[in-house]
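Beneath this line is the structure, given in structure tokens, with notes to follow.
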Amino acid sequence: MFTRRHFLKGSLALGALGFSSTAYGFGEPLLRLGVTRYNLSPPQWPAGFKLKIAAIADLHACDPWMSLERIGRIVERTNALKPDLVVLLGDYVAGHRKVTRLIPVNEWAPVLGGLKAPLGVHAVLGNHDWWEDRDVQRAGHGLPEAGHALQAAGIPVYENDAKRLSKDGRPFWIAGLGDQLAYMPMRRFRPGRRMGVDDLGATLARIKDDAPVILMAHEPDIVKRVPSRVALQLSGHTHGGQVRLAGWSPISPSGRELAYGHIRRNCDLVVSGGLGCSIMPFRIGVPPEIVLVTLGGGTPAVA
């Protein structure tokens, strides 16, 4: 799994090309918010069962690039889509230091608390939410403060957990995986400690019937092990490579194959290009986006 350091080294030179016309993060005209729509019918999803899911990923809250005002506009735009449920896919805290202010968790979380959907708002944490909590990194256990802040704002945080929901009398499960890169490998990293807090087996074990499953996982990498029992995995983390040229991401922390968009494996996977920036405050060829997935709204996939 590539790190953000690899991303920086591999894409900084590319980032300079065409920067003045395509970069994100250096002026309001370049901060236009898009909605990327996917109409999918995975073979595991019941025919005729329509469900709209809005996904928000990789905010990286900080001034001036992802201000509270901008997060508020993202919330308003998401609510206007009228999804059945909203999923938050992690990395709410800033991922770089080229900022004028790091926005505290107790400021951005209440803004996200304004998200509304009939079937609720559901969240997982990302690697930066773990890495920026020094107390949790030192202790080697506990929920990062980003998780506590989301819960205080009324948003449940899934750590290897699942919940049964229903729409129009038709049940399904929403599951959330613990982060796969939770503990940063530094000198204080203890030998034998796993880098991640993810437990796919325990997560799926919480599902007690044959209703279809939607899995939230910050890093898309886990899709290689997700069984066909799962209909859809929703992920962020990659920022679409943060640099994307002619539909191709030269460098991605999860590899080019899992960099962006709709990918078919044992289950359907949608990787969001996200909203904010990591390492450096620019995006090229991958504008910030809210993802709207409509299940049961496309041509049925072949199993």
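Ordering of the structure tokens sets the chain letters (A, B, ...); residue numbers start at 1 within each chain; ligands are numbered from 1 in the order shown.
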
Residues flagged alpha helix (DSSP H) by DSSP in region 49-234 of chain A, as a count of residues only: 46

Could I get the residues of region 163-270 of chain A with an atom no further than 6 Å from an atom of region 275-296 of chain A, each paired with its nearest atom pair and that distance in Å to one decimal, using only C-alpha atoms, sorted by chain and residue number, as a tab-separated table?
residue	atom	partner	partner_atom	distance
A:Gln242	CA	A:Arg283	CA	5.0
A:Val243	CA	A:Ile284	CA	4.6
A:Arg244	CA	A:Gly285	CA	4.7
A:Leu245	CA	A:Gly285	CA	5.9

Assign secondary structure with DSSP using the backbone only, and return the residues of region 221-288 of chain A in strand (DSSP E) as a list in words. Leu232, Gln233, Leu234, Ser235, Gly261, His262, Ile263, Arg264, Asp268, Leu269, Val270 and Val271 of chain A

Output N, CA and C atoms for every residue in that selection, as a PDB file, in the first residue's frame.
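What follows is the written file selection34.pdb:
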ATOM      1  N   LEU A 232     -22.076  -3.886  -2.035  1.00  0.00           N
ATOM      2  CA  LEU A 232     -21.421  -2.632  -2.411  1.00  0.00           C
ATOM      3  C   LEU A 232     -20.449  -2.216  -1.315  1.00  0.00           C
ATOM      4  N   GLN A 233     -19.237  -1.846  -1.712  1.00  0.00           N
ATOM      5  CA  GLN A 233     -18.275  -1.215  -0.809  1.00  0.00           C
ATOM      6  C   GLN A 233     -18.099   0.234  -1.234  1.00  0.00           C
ATOM      7  N   LEU A 234     -18.114   1.129  -0.248  1.00  0.00           N
ATOM      8  CA  LEU A 234     -17.908   2.558  -0.489  1.00  0.00           C
ATOM      9  C   LEU A 234     -16.649   2.995   0.237  1.00  0.00           C
ATOM     10  N   SER A 235     -15.728   3.650  -0.490  1.00  0.00           N
ATOM     11  CA  SER A 235     -14.433   4.018   0.068  1.00  0.00           C
ATOM     12  C   SER A 235     -14.017   5.405  -0.397  1.00  0.00           C
ATOM     13  N   GLY A 261     -13.448   5.730  -8.792  1.00  0.00           N
ATOM     14  CA  GLY A 261     -14.603   5.357  -9.591  1.00  0.00           C
ATOM     15  C   GLY A 261     -15.208   4.016  -9.240  1.00  0.00           C
ATOM     16  N   HIS A 262     -15.987   3.490 -10.196  1.00  0.00           N
ATOM     17  CA  HIS A 262     -16.684   2.214 -10.017  1.00  0.00           C
ATOM     18  C   HIS A 262     -15.800   1.074 -10.498  1.00  0.00           C
ATOM     19  N   ILE A 263     -15.561   0.137  -9.595  1.00  0.00           N
ATOM     20  CA  ILE A 263     -14.681  -1.002  -9.873  1.00  0.00           C
ATOM     21  C   ILE A 263     -15.427  -2.265  -9.472  1.00  0.00           C
ATOM     22  N   ARG A 264     -15.366  -3.271 -10.311  1.00  0.00           N
ATOM     23  CA  ARG A 264     -16.068  -4.516 -10.037  1.00  0.00           C
ATOM     24  C   ARG A 264     -15.099  -5.594  -9.582  1.00  0.00           C
ATOM     25  N   ASP A 268     -19.338  -4.839  -5.882  1.00  0.00           N
ATOM     26  CA  ASP A 268     -19.153  -3.547  -6.531  1.00  0.00           C
ATOM     27  C   ASP A 268     -18.448  -2.613  -5.558  1.00  0.00           C
ATOM     28  N   LEU A 269     -17.482  -1.849  -6.047  1.00  0.00           N
ATOM     29  CA  LEU A 269     -16.741  -0.879  -5.249  1.00  0.00           C
ATOM     30  C   LEU A 269     -16.849   0.486  -5.912  1.00  0.00           C
ATOM     31  N   VAL A 270     -17.170   1.509  -5.108  1.00  0.00           N
ATOM     32  CA  VAL A 270     -17.114   2.890  -5.586  1.00  0.00           C
ATOM     33  C   VAL A 270     -16.112   3.635  -4.717  1.00  0.00           C
ATOM     34  N   VAL A 271     -15.078   4.180  -5.353  1.00  0.00           N
ATOM     35  CA  VAL A 271     -14.050   4.959  -4.661  1.00  0.00           C
ATOM     36  C   VAL A 271     -14.294   6.433  -4.973  1.00  0.00           C
TER      37      VAL A 271
END

Which one of A:Asn266, A:Thr36, A:Thr203, A:Asn106 sits closest to Arg225 (chain A) if you count only C-alpha atoms?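 The closest residue to Arg225 (chain A) is A:Asn266.
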
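Proximity to region 133-150 of chain A at 9 Å, evaluated using only C-alpha atoms and with sequence-adjacent residues fewer than 6 positions away removed, yields Tyr92, Val93, Val105, Asn106, Glu107, Trp108, Ala109, Pro110, Leu112, Gly113, Ala123, Val124, Leu125, Pro156, Val157, Ala182, Tyr183, Met184, Arg188, Phe189, Arg190 and Arg193 of chain A.
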
Given only C-alpha atoms as the counted atoms, nearest of A:Pro83, A:Gly34, A:Pro64, A:Gly196 to Leu119 (chain A):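 The answer is A:Pro83, which sits nearest to Leu119 (chain A).
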
Within 9 Å of Leu89 (chain A), counting only C-alpha atoms, which residues show up once you throw out same-chain ones fewer than 4 positions away? Write them as a VMD selection string, please. chain A and resid 55 to 58 122 to 126 216 to 219 234 to 237 272

Using only C-alpha atoms, pick whichever of A:Arg265, A:His96, A:His60, A:Lys224 has the shortest atom-to-atom distance to Pro43 (chain A). A:Arg265

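Computed from the coordinates, the CA of Glu257 (chain A) to CA of Pro46 (chain A) distance equals 27.8 Å.
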
Leaving out region 171-179 of chain A and any residue of its chain fewer than 4 positions from it, which residues lie within 7 Å of it when counting only C-alpha atoms, given as a PyMOL selection string? chain A and resi 124-127+158-167+196-200+203+211-218

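For the choices A:Val35, A:Cys267, A:Ala47, A:Ala205, the atom-to-atom distance to Val223 (chain A) is smallest for A:Cys267 when using only C-alpha atoms.
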
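A straight line drawn from CA of Asp84 (chain A) to CA of Lys50 (chain A) is 9.5 Å long.
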
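Taking CA of Leu33 (chain A) and CA of Leu81 (chain A) as endpoints, the distance between them is 13.1 Å.
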